[in-house]
$ cat input.cif   # mmCIF, C-alpha atoms and all ligand atoms
data_coords
#
loop_
_atom_site.label_atom_id
_atom_site.label_comp_id
_atom_site.auth_asym_id
_atom_site.auth_seq_id
_atom_site.Cartn_x
_atom_site.Cartn_y
_atom_site.Cartn_z
CA MET A 1 -11.23 -14.46 -12.24
CA ILE A 2 -8.77 -12.35 -10.22
CA LEU A 3 -8.88 -12.89 -6.44
CA VAL A 4 -8.24 -9.64 -4.59
CA LEU A 5 -7.43 -10.15 -0.92
CA GLY A 6 -7.99 -6.99 1.09
CA GLY A 7 -10.08 -5.47 -1.69
CA ALA A 8 -12.04 -3.29 0.74
CA GLY A 9 -8.92 -1.40 1.86
CA TYR A 10 -7.58 1.86 0.51
CA ILE A 11 -5.31 0.42 -2.18
CA GLY A 12 -7.27 -2.79 -2.77
CA SER A 13 -10.50 -0.89 -3.51
CA HIS A 14 -8.74 1.24 -6.12
CA ALA A 15 -7.28 -1.88 -7.73
CA VAL A 16 -10.69 -3.58 -7.78
CA LYS A 17 -12.30 -0.65 -9.59
CA GLU A 18 -9.53 -0.46 -12.19
CA LEU A 19 -9.57 -4.22 -12.82
CA LEU A 20 -13.32 -4.14 -13.37
CA ASP A 21 -13.05 -1.09 -15.65
CA ARG A 22 -10.60 -3.09 -17.76
CA GLY A 23 -12.94 -6.04 -18.06
CA TYR A 24 -11.47 -8.47 -15.51
CA HIS A 25 -13.77 -10.51 -13.27
CA VAL A 26 -12.97 -9.84 -9.64
CA LEU A 27 -13.63 -11.67 -6.40
CA VAL A 28 -12.80 -9.86 -3.17
CA ILE A 29 -12.11 -11.43 0.21
CA ASP A 30 -11.86 -8.95 3.08
CA ASN A 31 -12.60 -9.34 6.78
CA LEU A 32 -13.55 -5.64 7.03
CA SER A 33 -11.29 -5.22 10.06
CA THR A 34 -9.91 -2.04 8.54
CA GLY A 35 -11.62 -2.02 5.14
CA HIS A 36 -15.04 -0.66 4.18
CA ARG A 37 -17.77 -2.61 2.43
CA HIS A 38 -18.89 0.55 0.60
CA SER A 39 -15.47 0.99 -0.94
CA VAL A 40 -15.85 -2.26 -2.90
CA ASP A 41 -17.23 -1.74 -6.39
CA MET A 42 -20.68 -3.33 -6.78
CA ARG A 43 -19.54 -5.24 -9.86
CA ALA A 44 -17.13 -7.39 -7.80
CA VAL A 45 -18.14 -10.59 -6.00
CA PHE A 46 -17.60 -9.89 -2.30
CA VAL A 47 -16.90 -12.49 0.40
CA GLU A 48 -16.42 -11.41 4.00
CA GLY A 49 -13.74 -13.57 5.57
CA ASN A 50 -10.15 -14.06 6.65
CA ILE A 51 -7.34 -14.78 4.26
CA GLY A 52 -5.95 -17.32 6.73
CA ASP A 53 -9.23 -19.27 6.74
CA CYS A 54 -8.17 -22.44 4.90
CA MET A 55 -11.73 -23.80 4.57
CA LEU A 56 -12.94 -20.58 3.00
CA LEU A 57 -9.99 -20.51 0.60
CA GLU A 58 -10.54 -24.18 -0.35
CA ARG A 59 -14.15 -23.36 -1.15
CA ILE A 60 -13.26 -20.30 -3.24
CA PHE A 61 -10.53 -22.12 -5.16
CA THR A 62 -12.89 -25.02 -5.89
CA GLN A 63 -15.83 -22.86 -6.86
CA TYR A 64 -14.05 -20.25 -9.03
CA ASN A 65 -11.36 -20.37 -11.67
CA ILE A 66 -8.82 -18.11 -9.96
CA GLU A 67 -6.03 -17.12 -12.34
CA VAL A 68 -4.07 -14.72 -10.16
CA VAL A 69 -4.17 -13.71 -6.49
CA MET A 70 -3.52 -10.06 -5.63
CA HIS A 71 -2.65 -9.95 -1.96
CA PHE A 72 -3.26 -6.55 -0.33
CA ALA A 73 -4.60 -7.86 2.99
CA ALA A 74 -2.25 -6.87 5.80
CA SER A 75 -1.67 -4.80 8.88
CA CYS A 76 0.42 -1.90 7.68
CA LEU A 77 1.22 0.68 10.35
CA VAL A 78 4.81 1.08 11.45
CA GLY A 79 3.97 2.53 14.87
CA GLU A 80 1.31 -0.05 15.67
CA SER A 81 3.63 -2.88 14.65
CA ILE A 82 6.06 -1.82 17.38
CA SER A 83 3.39 -2.02 20.09
CA LYS A 84 1.63 -5.14 18.72
CA PRO A 85 4.36 -7.23 17.06
CA LEU A 86 2.62 -10.60 17.42
CA GLU A 87 -0.54 -9.28 15.77
CA TYR A 88 1.60 -8.22 12.84
CA TYR A 89 3.36 -11.56 12.54
CA GLU A 90 0.04 -13.38 12.87
CA ASN A 91 -1.88 -11.31 10.37
CA ASN A 92 0.89 -10.73 7.85
CA VAL A 93 3.03 -13.86 8.10
CA ILE A 94 0.91 -16.70 9.50
CA ASN A 95 -2.20 -15.88 7.46
CA THR A 96 -0.12 -15.63 4.30
CA PHE A 97 1.52 -18.94 5.15
CA HIS A 98 -1.96 -20.55 5.17
CA LEU A 99 -2.87 -18.78 1.97
CA LEU A 100 0.23 -20.04 0.17
CA LYS A 101 -0.34 -23.58 1.39
CA VAL A 102 -3.91 -23.67 0.11
CA MET A 103 -2.95 -21.95 -3.15
CA ILE A 104 -0.23 -24.48 -3.92
CA LYS A 105 -2.43 -27.41 -2.90
CA ASN A 106 -5.09 -26.19 -5.33
CA ASN A 107 -2.58 -25.47 -8.07
CA ILE A 108 -3.16 -21.70 -7.99
CA LYS A 109 0.33 -20.54 -8.76
CA LYS A 110 0.35 -16.84 -9.55
CA ILE A 111 0.50 -14.12 -6.92
CA ILE A 112 1.12 -10.37 -6.77
CA PHE A 113 2.21 -9.48 -3.27
CA SER A 114 2.07 -6.00 -1.71
CA SER A 115 5.33 -5.36 0.05
CA THR A 116 6.91 -2.17 1.32
CA CYS A 117 9.93 0.09 1.39
CA ALA A 118 9.93 -0.60 5.14
CA THR A 119 11.83 -3.79 4.24
CA TYR A 120 14.92 -1.63 3.56
CA GLY A 121 15.33 -0.02 6.98
CA LEU A 122 17.94 2.70 7.22
CA ALA A 123 18.81 3.86 3.72
CA GLU A 124 22.49 4.03 2.94
CA THR A 125 22.11 5.44 -0.56
CA GLU A 126 20.20 8.35 -2.07
CA PHE A 127 17.95 6.04 -4.07
CA LEU A 128 16.99 2.59 -2.84
CA ASN A 129 16.94 -0.02 -5.56
CA GLU A 130 15.83 -3.62 -5.31
CA GLU A 131 19.39 -4.76 -4.63
CA SER A 132 19.77 -2.44 -1.62
CA PRO A 133 20.22 -4.77 1.36
CA PRO A 134 16.98 -5.36 3.28
CA SER A 135 17.32 -4.53 6.94
CA PRO A 136 13.93 -3.59 8.37
CA ILE A 137 13.86 -1.65 11.64
CA ASN A 138 10.27 -2.41 12.69
CA PRO A 139 8.05 -5.53 12.93
CA TYR A 140 5.90 -4.33 10.01
CA GLY A 141 8.90 -4.29 7.65
CA ARG A 142 10.17 -7.58 9.06
CA SER A 143 6.79 -9.28 8.60
CA LYS A 144 6.68 -8.23 4.94
CA LEU A 145 10.26 -9.33 4.34
CA ILE A 146 9.55 -12.78 5.82
CA VAL A 147 6.60 -13.18 3.45
CA GLU A 148 8.74 -12.08 0.49
CA GLN A 149 11.23 -14.81 1.40
CA MET A 150 8.49 -17.44 1.87
CA ILE A 151 7.09 -16.62 -1.56
CA ASP A 152 10.52 -16.80 -3.18
CA ASP A 153 11.21 -20.16 -1.54
CA CYS A 154 7.93 -21.48 -2.97
CA PHE A 155 8.85 -20.05 -6.39
CA LYS A 156 12.06 -22.07 -6.37
CA VAL A 157 10.56 -25.46 -5.56
CA CYS A 158 6.76 -25.29 -5.96
CA GLY A 159 6.51 -23.29 -9.18
CA LEU A 160 4.70 -20.39 -7.50
CA GLU A 161 5.07 -17.47 -9.94
CA TYR A 162 5.17 -14.09 -8.28
CA ILE A 163 5.69 -10.38 -8.62
CA ILE A 164 6.40 -8.49 -5.42
CA LEU A 165 5.79 -4.75 -5.40
CA ARG A 166 7.57 -2.74 -2.73
CA TYR A 167 5.42 0.31 -2.25
CA PHE A 168 6.86 3.60 -1.11
CA ASN A 169 4.31 6.09 0.36
CA VAL A 170 0.98 5.78 -1.40
CA ALA A 171 -1.29 8.83 -1.60
CA GLY A 172 -4.20 10.34 -3.52
CA ALA A 173 -7.56 9.00 -4.58
CA ASP A 174 -9.50 7.94 -7.63
CA PHE A 175 -10.56 10.99 -9.66
CA SER A 176 -14.21 9.85 -9.60
CA GLY A 177 -14.28 11.04 -5.95
CA ARG A 178 -16.17 7.86 -4.99
CA ILE A 179 -13.33 6.05 -3.24
CA GLY A 180 -10.42 7.29 -1.17
CA GLU A 181 -8.37 6.79 1.96
CA HIS A 182 -10.19 6.18 5.25
CA HIS A 183 -8.51 4.61 8.27
CA ASP A 184 -9.82 4.65 11.80
CA PRO A 185 -7.82 5.93 13.56
CA GLU A 186 -6.00 7.76 10.78
CA THR A 187 -2.22 7.75 11.21
CA HIS A 188 -0.93 8.64 7.74
CA LEU A 189 0.53 12.04 7.07
CA ILE A 190 -1.45 13.36 4.11
CA PRO A 191 -4.95 12.36 5.35
CA ASN A 192 -4.06 13.71 8.79
CA ILE A 193 -3.05 17.07 7.35
CA PHE A 194 -6.26 17.37 5.34
CA LEU A 195 -8.44 16.25 8.24
CA HIS A 196 -6.75 18.89 10.39
CA LEU A 197 -7.29 21.55 7.70
CA LEU A 198 -10.97 20.53 7.67
CA GLY A 199 -11.14 21.23 11.39
CA LYS A 200 -11.19 17.59 12.50
CA SER A 201 -8.15 18.00 14.78
CA LYS A 202 -6.61 20.91 16.66
CA HIS A 203 -3.17 20.50 15.17
CA ILE A 204 -1.00 18.34 12.97
CA ALA A 205 1.69 16.51 14.93
CA VAL A 206 5.08 16.26 13.26
CA PHE A 207 7.02 13.32 14.61
CA GLY A 208 10.59 14.52 15.01
CA ASN A 209 12.37 17.60 13.64
CA ASP A 210 15.90 16.59 14.54
CA PHE A 211 16.59 14.06 11.79
CA ARG A 212 19.64 14.65 9.61
CA THR A 213 17.58 15.81 6.64
CA VAL A 214 17.14 19.17 4.86
CA ASP A 215 14.72 20.55 7.46
CA GLY A 216 14.99 17.96 10.22
CA THR A 217 11.78 16.10 9.30
CA CYS A 218 11.49 12.69 7.63
CA ILE A 219 11.75 12.33 3.89
CA ARG A 220 9.42 10.02 1.99
CA ASP A 221 8.76 9.21 -1.67
CA TYR A 222 5.04 9.60 -2.50
CA ILE A 223 3.27 7.74 -5.29
CA HIS A 224 -0.29 8.18 -6.58
CA VAL A 225 -2.53 5.23 -5.78
CA LEU A 226 -3.57 5.09 -9.47
CA ASP A 227 0.05 4.81 -10.59
CA LEU A 228 0.47 1.99 -8.09
CA VAL A 229 -2.65 0.27 -9.45
CA GLU A 230 -1.21 0.58 -12.96
CA ALA A 231 1.90 -1.25 -11.72
CA HIS A 232 -0.42 -4.03 -10.51
CA ILE A 233 -2.16 -4.26 -13.88
CA LEU A 234 1.18 -4.52 -15.71
CA SER A 235 2.31 -7.16 -13.20
CA LEU A 236 -0.92 -9.06 -13.74
CA GLN A 237 -0.42 -9.08 -17.49
CA ALA A 238 3.19 -10.24 -17.03
CA LEU A 239 2.08 -13.08 -14.77
CA LEU A 240 -0.81 -14.10 -17.02
CA ASN A 241 1.52 -14.60 -19.96
CA SER A 242 4.43 -15.69 -17.71
CA SER A 243 6.69 -13.07 -19.33
CA SER A 244 8.12 -11.80 -16.04
CA VAL A 245 8.01 -13.93 -12.91
CA GLY A 246 9.94 -14.17 -9.67
CA LYS A 247 10.54 -10.40 -9.64
CA VAL A 248 10.68 -7.69 -6.99
CA TYR A 249 9.96 -4.11 -8.07
CA ASN A 250 10.04 -0.81 -6.23
CA ILE A 251 7.08 1.49 -6.78
CA GLY A 252 7.94 5.11 -6.11
CA ASN A 253 8.57 8.43 -7.85
CA ASN A 254 12.36 8.70 -7.36
CA LYS A 255 11.77 11.95 -5.45
CA GLY A 256 11.65 12.71 -1.74
CA TYR A 257 9.62 15.28 0.18
CA SER A 258 10.00 16.13 3.84
CA VAL A 259 7.05 16.13 6.24
CA LYS A 260 7.32 19.93 6.42
CA GLN A 261 7.30 20.26 2.63
CA ILE A 262 4.17 18.11 2.40
CA ILE A 263 2.41 20.30 4.98
CA GLU A 264 3.41 23.43 3.04
CA GLU A 265 2.11 21.95 -0.23
CA CYS A 266 -1.22 21.09 1.44
CA GLU A 267 -1.47 24.63 2.84
CA ARG A 268 -0.78 26.10 -0.59
CA LEU A 269 -3.37 23.89 -2.29
CA THR A 270 -6.13 24.57 0.22
CA ASN A 271 -5.22 28.15 1.05
CA LYS A 272 -5.44 27.22 4.73
CA LYS A 273 -2.87 27.47 7.51
CA ALA A 274 -1.99 24.41 9.58
CA THR A 275 -1.16 24.49 13.28
CA ILE A 276 1.96 22.37 13.66
CA VAL A 277 3.07 20.76 16.92
CA TYR A 278 6.47 19.08 16.95
CA GLU A 279 6.45 15.84 18.89
CA GLU A 280 8.93 13.09 19.67
CA ARG A 281 10.16 10.89 16.85
CA ARG A 282 7.80 7.99 16.16
CA GLU A 283 9.58 4.76 16.99
CA GLY A 284 10.51 2.71 13.95
CA ASP A 285 10.52 5.63 11.46
CA PRO A 286 13.55 5.67 9.15
CA PRO A 287 14.59 9.28 8.38
CA TYR A 288 14.86 8.84 4.62
CA LEU A 289 13.20 6.49 2.11
CA VAL A 290 13.36 7.34 -1.59
CA ALA A 291 12.99 4.84 -4.42
CA SER A 292 14.78 4.05 -7.55
CA ALA A 293 11.90 2.53 -9.52
CA LYS A 294 13.91 2.16 -12.72
CA LYS A 295 13.65 -1.63 -12.83
CA ILE A 296 9.88 -1.88 -13.32
CA GLY A 297 10.09 0.89 -15.92
CA GLU A 298 12.69 -1.03 -17.89
CA GLU A 299 11.12 -4.48 -17.51
CA LEU A 300 7.35 -3.82 -17.53
CA GLY A 301 7.21 -0.33 -19.07
CA TRP A 302 5.70 1.27 -15.96
CA VAL A 303 5.85 5.07 -15.99
CA PRO A 304 4.22 7.02 -13.14
CA LYS A 305 1.88 9.65 -14.58
CA TYR A 306 0.85 11.71 -11.58
CA SER A 307 2.63 14.48 -9.68
CA LEU A 308 2.54 15.29 -5.98
CA GLU A 309 0.07 18.04 -6.88
CA ASP A 310 -2.23 15.41 -8.47
CA MET A 311 -1.98 13.25 -5.34
CA LEU A 312 -2.80 16.13 -3.01
CA ARG A 313 -5.61 17.50 -5.20
CA SER A 314 -7.37 14.13 -5.47
CA ALA A 315 -6.89 13.39 -1.76
CA TRP A 316 -8.22 16.84 -0.85
CA GLN A 317 -11.28 16.31 -3.10
CA TRP A 318 -11.97 13.00 -1.33
CA HIS A 319 -11.55 14.32 2.23
CA ARG A 320 -13.47 17.55 1.59
CA ASN A 321 -16.42 15.66 0.14
CA ASN A 322 -16.23 12.80 2.67
CA PRO A 323 -14.91 14.31 5.91
CA ASP A 324 -16.18 11.24 7.80
CA GLY A 325 -14.86 8.82 5.21
CA TYR A 326 -17.28 6.06 4.23
CA ASN A 327 -19.56 6.73 7.20
CA ASN A 328 -21.30 9.83 5.95
N1 LIG B 401 3.98 11.74 10.19
C1 LIG B 401 3.84 12.87 10.97
N2 LIG B 401 2.61 13.17 11.48
C2 LIG B 401 1.50 12.39 11.23
C3 LIG B 401 1.66 11.24 10.43
C4 LIG B 401 2.92 10.95 9.94
O1 LIG B 401 4.80 13.61 11.22
O2 LIG B 401 0.41 12.70 11.73
C5 LIG B 401 5.30 11.43 9.62
C6 LIG B 401 5.82 10.05 9.98
O3 LIG B 401 6.54 10.11 11.19
C7 LIG B 401 6.69 9.72 8.77
C8 LIG B 401 5.98 10.41 7.60
O4 LIG B 401 5.14 11.40 8.20
O5 LIG B 401 7.95 10.32 8.90
C9 LIG B 401 5.11 9.47 6.79
O6 LIG B 401 4.32 8.72 7.71
P1 LIG B 401 3.08 7.86 7.25
O7 LIG B 401 2.47 7.30 8.49
O8 LIG B 401 2.20 8.67 6.35
O9 LIG B 401 3.70 6.70 6.35
P2 LIG B 401 4.89 5.65 6.67
O10 LIG B 401 6.13 6.27 6.07
O11 LIG B 401 4.97 5.43 8.13
O12 LIG B 401 4.47 4.43 5.93
#
$ encode --input "input.cif" --output "C-alpha cells"
Amino acid sequence: MILVLGGAGYIGSHAVKELLDRGYHVLVIDNLSTGHRHSVDMRAVFVEGNIGDCMLLERIFTQYNIEVVMHFAASCLVGESISKPLEYYENNVINTFHLLKVMIKNNIKKIIFSSTCATYGLAETEFLNEESPPSPINPYGRSKLIVEQMIDDCFKVCGLEYIILRYFNVAGADFSGRIGEHHDPETHLIPNIFLHLLGKSKHIAVFGNDFRTVDGTCIRDYIHVLDLVEAHILSLQALLNSSSVGKVYNIGNNKGYSVKQIIEECERLTNKKATIVYEERREGDPPYLVASAKKIGEELGWVPKYSLEDMLRSAWQWHRNNPDGYNN
C-alpha cells in the first residue's frame, strides 16, 4: 500500500490516479483544507485527517502495510508564506516532524518528499542544478529546505530512505479532463490567465515588469503535472528496490518562459485577448528559476514528454469544462 499525504490536492490527485492505473493500492490522507474530495479517485481508500495527527498515523501504520509514503501535503504559496510565516512553519515543518517521528517509530522507512525550486532563492547560474547553493528568500522555501534537512538527518542515523523532488512550476492537467488545478483563491499564473480569459476576472495582474529579464517579467520553468507524476513513479520504484536512496532531484524542463510569454501563448491557444495590468512585484518572487534536471534523467531515466503547448492545452480543457473547478 502506498500512503499519499495530500492526495486531494492538485498534484497529489494526479499521482493517486496514476498509481491506481498502474496497479498500486493507495491510501490517501488529506484534511481537505485546500484539496477537494471529488478529485480523489474512487478506487483509493480516503481518510480525512491531518498529517501531524500522531494518533491517526499510528492507527494507519498499524492497520495497513504501508511500503512508501508520498508526502504532497503542504502550504505552497510564496506570497501567503510571507504574510503567514508561522502557519507555513507549522504546517510544513512541525507536521512533517510528527510524521517522521511516527514513521520511524513504526519502522516505515521510505518517503518521497515534494520540495521546491523555491529552496534555491536567487539563481546565480542559467540552470539550477541540485548542487546550486540553497538560499531561499521566502518562508515557503525555507520551510521546505528545513524539512529536506530533517529527512536527510534521519537518513543518516535512522535508516530513513528518501527521494526528494524539487519541483519547478507545475502546470497542466490529466488528459481525461476529470481532474485539474483548482485553488481557492487561485494565485498561480496559468490558471489565473485562463480564468481571466473565461471572463472570471476583469484583468490578469502581472507582478513586476522591471526585473532584469528579457522582457522585465519573471522567468519560470514549467513542467507538466503528468511528467512530474512519472518522476514520482520512477522514484517509488527506486525506493521499493532500494536502488537509489538519499537523493535530491530537480524536476523541470530546462527551459524558461517569462510571464508575458506565457500570457501570449495562452492568448494564441484560445484565440482570446487578455487585459493585462502591471502591478508591483510580489514579495518573495525570485526573477529567474530554471532547472537543470539532468541528474534524474541520468540516474532514474526520467525524460519529460510534454511541451508547454501540451500543458496549456490540457489546462485550458480543464478550466473551460470546469470554470468553477470541482464545485460545478
Ligand atoms: N504571476 C503573475 N500574476 C498572477 C500569478 C502569478 O504575474 O496572477 C507571476 C508570479 O509573480 C511569478 C510567476 O507568475 O513570477 C509564477 O507565479 P506562480 O504563482 O504561478 O508560481 P510560483 O513561481 O510563485 O511558484
$ closest_atom_pairs --input "input.cif" --of "chain A" --to "ligand LIG 401 (chain B)" --cutoff "7 Å" --atoms "all atoms listed in the file" --output "CSV"
residue,atom,partner,partner_atom,distance
A:Leu77,CA,B:LIG401,O11,6.4
A:Val78,CA,B:LIG401,O11,5.5
A:Asn169,CA,B:LIG401,O12,5.8
A:Thr187,CA,B:LIG401,C3,5.3
A:His188,CA,B:LIG401,O8,3.4
A:Leu189,CA,B:LIG401,C3,3.6
A:Ile190,CA,B:LIG401,O8,6.4
A:Asn192,CA,B:LIG401,O2,5.4
A:Ile204,CA,B:LIG401,O2,5.9
A:Ala205,CA,B:LIG401,N2,4.9
A:Val206,CA,B:LIG401,O1,3.4
A:Phe207,CA,B:LIG401,O1,4.1
A:Gly208,CA,B:LIG401,O1,7.0
A:Thr217,CA,B:LIG401,O5,6.9
A:Cys218,CA,B:LIG401,O5,4.4
A:Ile219,CA,B:LIG401,O5,6.6
A:Arg220,CA,B:LIG401,O10,6.4
A:Val259,CA,B:LIG401,O4,5.5
A:Arg281,CA,B:LIG401,O3,6.8
A:Arg282,CA,B:LIG401,O3,5.5
A:Asp285,CA,B:LIG401,O5,5.9
A:Pro287,CA,B:LIG401,O5,6.7
$ closest_residue --input "input.cif" --among "A:Val248, A:Ile262, A:Ile233, A:Leu122" --to "Gly301 (chain A)" --atoms "only C-alpha atoms"
A:Ile233
$ closest_residue --input "input.cif" --among "A:His196, A:Glu309, A:Glu18, A:Ala231" --to "Lys272 (chain A)" --atoms "all atoms listed in the file"
A:His196
$ atom_distance --input "input.cif" --atom1 "CA of Ala238 (chain A)" --atom2 "CA of Val93 (chain A)"
25.4 Å
$ residues_near_point --input "input.cif" --point "(11.6, -6.4, -3.4)" --cutoff "8 Å" --atoms "all atoms listed in the file" --output "MDAnalysis selection string"
chainID A and resid 115:116 130 148 164:166 247:250
$ closest_residue --input "input.cif" --among "A:Ser242, A:Asn91, A:Asn253, A:Ser132" --to "Pro304 (chain A)" --atoms "all atoms listed in the file"
A:Asn253
$ atom_distance --input "input.cif" --atom1 "CA of Leu312 (chain A)" --atom2 "CA of Ser75 (chain A)"
24.1 Å
$ closest_atom_pairs --input "input.cif" --of "region 79-186 of chain A" --to "region 30-54 of chain A" --cutoff "12 Å" --atoms "only C-alpha atoms" --output "tab-separated table"
residue	atom	partner	partner_atom	distance
A:Glu90	CA	A:Gly52	CA	9.4
A:Asn91	CA	A:Gly52	CA	8.1
A:Asn92	CA	A:Gly52	CA	9.6
A:Val93	CA	A:Gly52	CA	9.7
A:Ile94	CA	A:Gly52	CA	7.4
A:Asn95	CA	A:Gly52	CA	4.1
A:Thr96	CA	A:Gly52	CA	6.5
A:Phe97	CA	A:Gly52	CA	7.8
A:His98	CA	A:Gly52	CA	5.4
A:Leu99	CA	A:Gly52	CA	5.9
A:Leu100	CA	A:Gly52	CA	9.4
A:Lys101	CA	A:Cys54	CA	8.7
A:Val102	CA	A:Cys54	CA	6.5
A:Met103	CA	A:Cys54	CA	9.6
A:Lys105	CA	A:Cys54	CA	10.9
A:Asn106	CA	A:Cys54	CA	11.3
A:Ala173	CA	A:Ser39	CA	11.8
A:Asp174	CA	A:Ser39	CA	11.3
A:Gly177	CA	A:Ser39	CA	11.3
A:Arg178	CA	A:Ser39	CA	8.0
A:Ile179	CA	A:Ser39	CA	6.0
A:Gly180	CA	A:Ser39	CA	8.1
A:Glu181	CA	A:Ser39	CA	9.6
A:His182	CA	A:Gly35	CA	8.3
A:His183	CA	A:Thr34	CA	6.8
A:Asp184	CA	A:Thr34	CA	7.4
A:Pro185	CA	A:Thr34	CA	9.6
A:Glu186	CA	A:Thr34	CA	10.8
$ closest_residue --input "input.cif" --among "A:Gly172, A:Pro133, A:Pro85, A:Gly121" --to "Asp310 (chain A)" --atoms "only C-alpha atoms"
A:Gly172
$ closest_residue --input "input.cif" --among "A:Asn209, A:Asn129, A:Asn322, A:Thr62" --to "Asn254 (chain A)" --atoms "all atoms listed in the file"
A:Asn129
$ axis_aligned_box --input "input.cif" --around "region 273-280 of chain A" --padding-each-side "3 Å" --output "lines of an AutoDock Vina configuration file"
center_x = 3.0
center_y = 20.3
center_z = 13.6
size_x = 17.8
size_y = 20.4
size_z = 18.2
$ closest_residue --input "input.cif" --among "A:Leu195, A:Leu234, A:Ile223, A:Cys266" --to "Asp324 (chain A)" --atoms "only C-alpha atoms"
A:Leu195
$ atom_distance --input "input.cif" --atom1 "CA of Ile111 (chain A)" --atom2 "CA of Ile163 (chain A)"
6.6 Å
$ residues_near_point --input "input.cif" --point "(9.6, -20.1, -3.9)" --cutoff "12 Å" --atoms "all atoms listed in the file" --output "count of residues only"
26
$ decode --input "input.cif" --residues "region 258-264 of chain A" --atoms "all heavy atoms" --output "compact mmCIF listing (two decimals), in the first residue's frame"
# COMPACT_ATOMS: atom_id res chain seq x y z
N SER A 258 8.93 33.69 -19.74
CA SER A 258 8.56 34.84 -18.93
C SER A 258 7.04 34.85 -18.74
O SER A 258 6.31 34.19 -19.49
CB SER A 258 9.00 36.14 -19.61
OG SER A 258 8.14 36.41 -20.70
N VAL A 259 6.61 35.62 -17.75
CA VAL A 259 5.16 35.76 -17.51
C VAL A 259 4.46 36.25 -18.78
O VAL A 259 3.43 35.73 -19.19
CB VAL A 259 4.90 36.72 -16.32
CG1 VAL A 259 3.41 37.02 -16.18
CG2 VAL A 259 5.44 36.13 -15.02
N LYS A 260 5.09 37.24 -19.43
CA LYS A 260 4.50 37.79 -20.66
C LYS A 260 4.39 36.73 -21.76
O LYS A 260 3.39 36.65 -22.47
CB LYS A 260 5.37 38.93 -21.18
CG LYS A 260 4.90 40.31 -20.81
CD LYS A 260 5.76 41.28 -21.59
CE LYS A 260 5.42 42.71 -21.35
NZ LYS A 260 6.48 43.59 -21.88
N GLN A 261 5.44 35.92 -21.87
CA GLN A 261 5.41 34.87 -22.91
C GLN A 261 4.30 33.87 -22.64
O GLN A 261 3.62 33.40 -23.56
CB GLN A 261 6.77 34.14 -22.97
CG GLN A 261 7.86 34.97 -23.60
CD GLN A 261 9.25 34.38 -23.38
OE1 GLN A 261 9.48 33.61 -22.45
NE2 GLN A 261 10.17 34.75 -24.25
N ILE A 262 4.10 33.54 -21.36
CA ILE A 262 3.03 32.58 -21.02
C ILE A 262 1.67 33.19 -21.39
O ILE A 262 0.81 32.50 -21.98
CB ILE A 262 3.09 32.21 -19.52
CG1 ILE A 262 4.39 31.46 -19.19
CG2 ILE A 262 1.86 31.40 -19.11
CD1 ILE A 262 4.48 30.05 -19.72
N ILE A 263 1.49 34.46 -21.08
CA ILE A 263 0.20 35.10 -21.43
C ILE A 263 -0.01 35.05 -22.95
O ILE A 263 -1.08 34.69 -23.43
CB ILE A 263 0.14 36.55 -20.91
CG1 ILE A 263 0.19 36.56 -19.37
CG2 ILE A 263 -1.12 37.27 -21.41
CD1 ILE A 263 0.28 37.93 -18.74
N GLU A 264 1.05 35.35 -23.70
CA GLU A 264 0.93 35.34 -25.17
C GLU A 264 0.58 33.95 -25.68
O GLU A 264 -0.26 33.79 -26.57
CB GLU A 264 2.25 35.81 -25.81
CG GLU A 264 2.42 37.32 -25.73
CD GLU A 264 3.88 37.75 -25.92
OE1 GLU A 264 4.71 36.92 -26.38
OE2 GLU A 264 4.17 38.90 -25.57
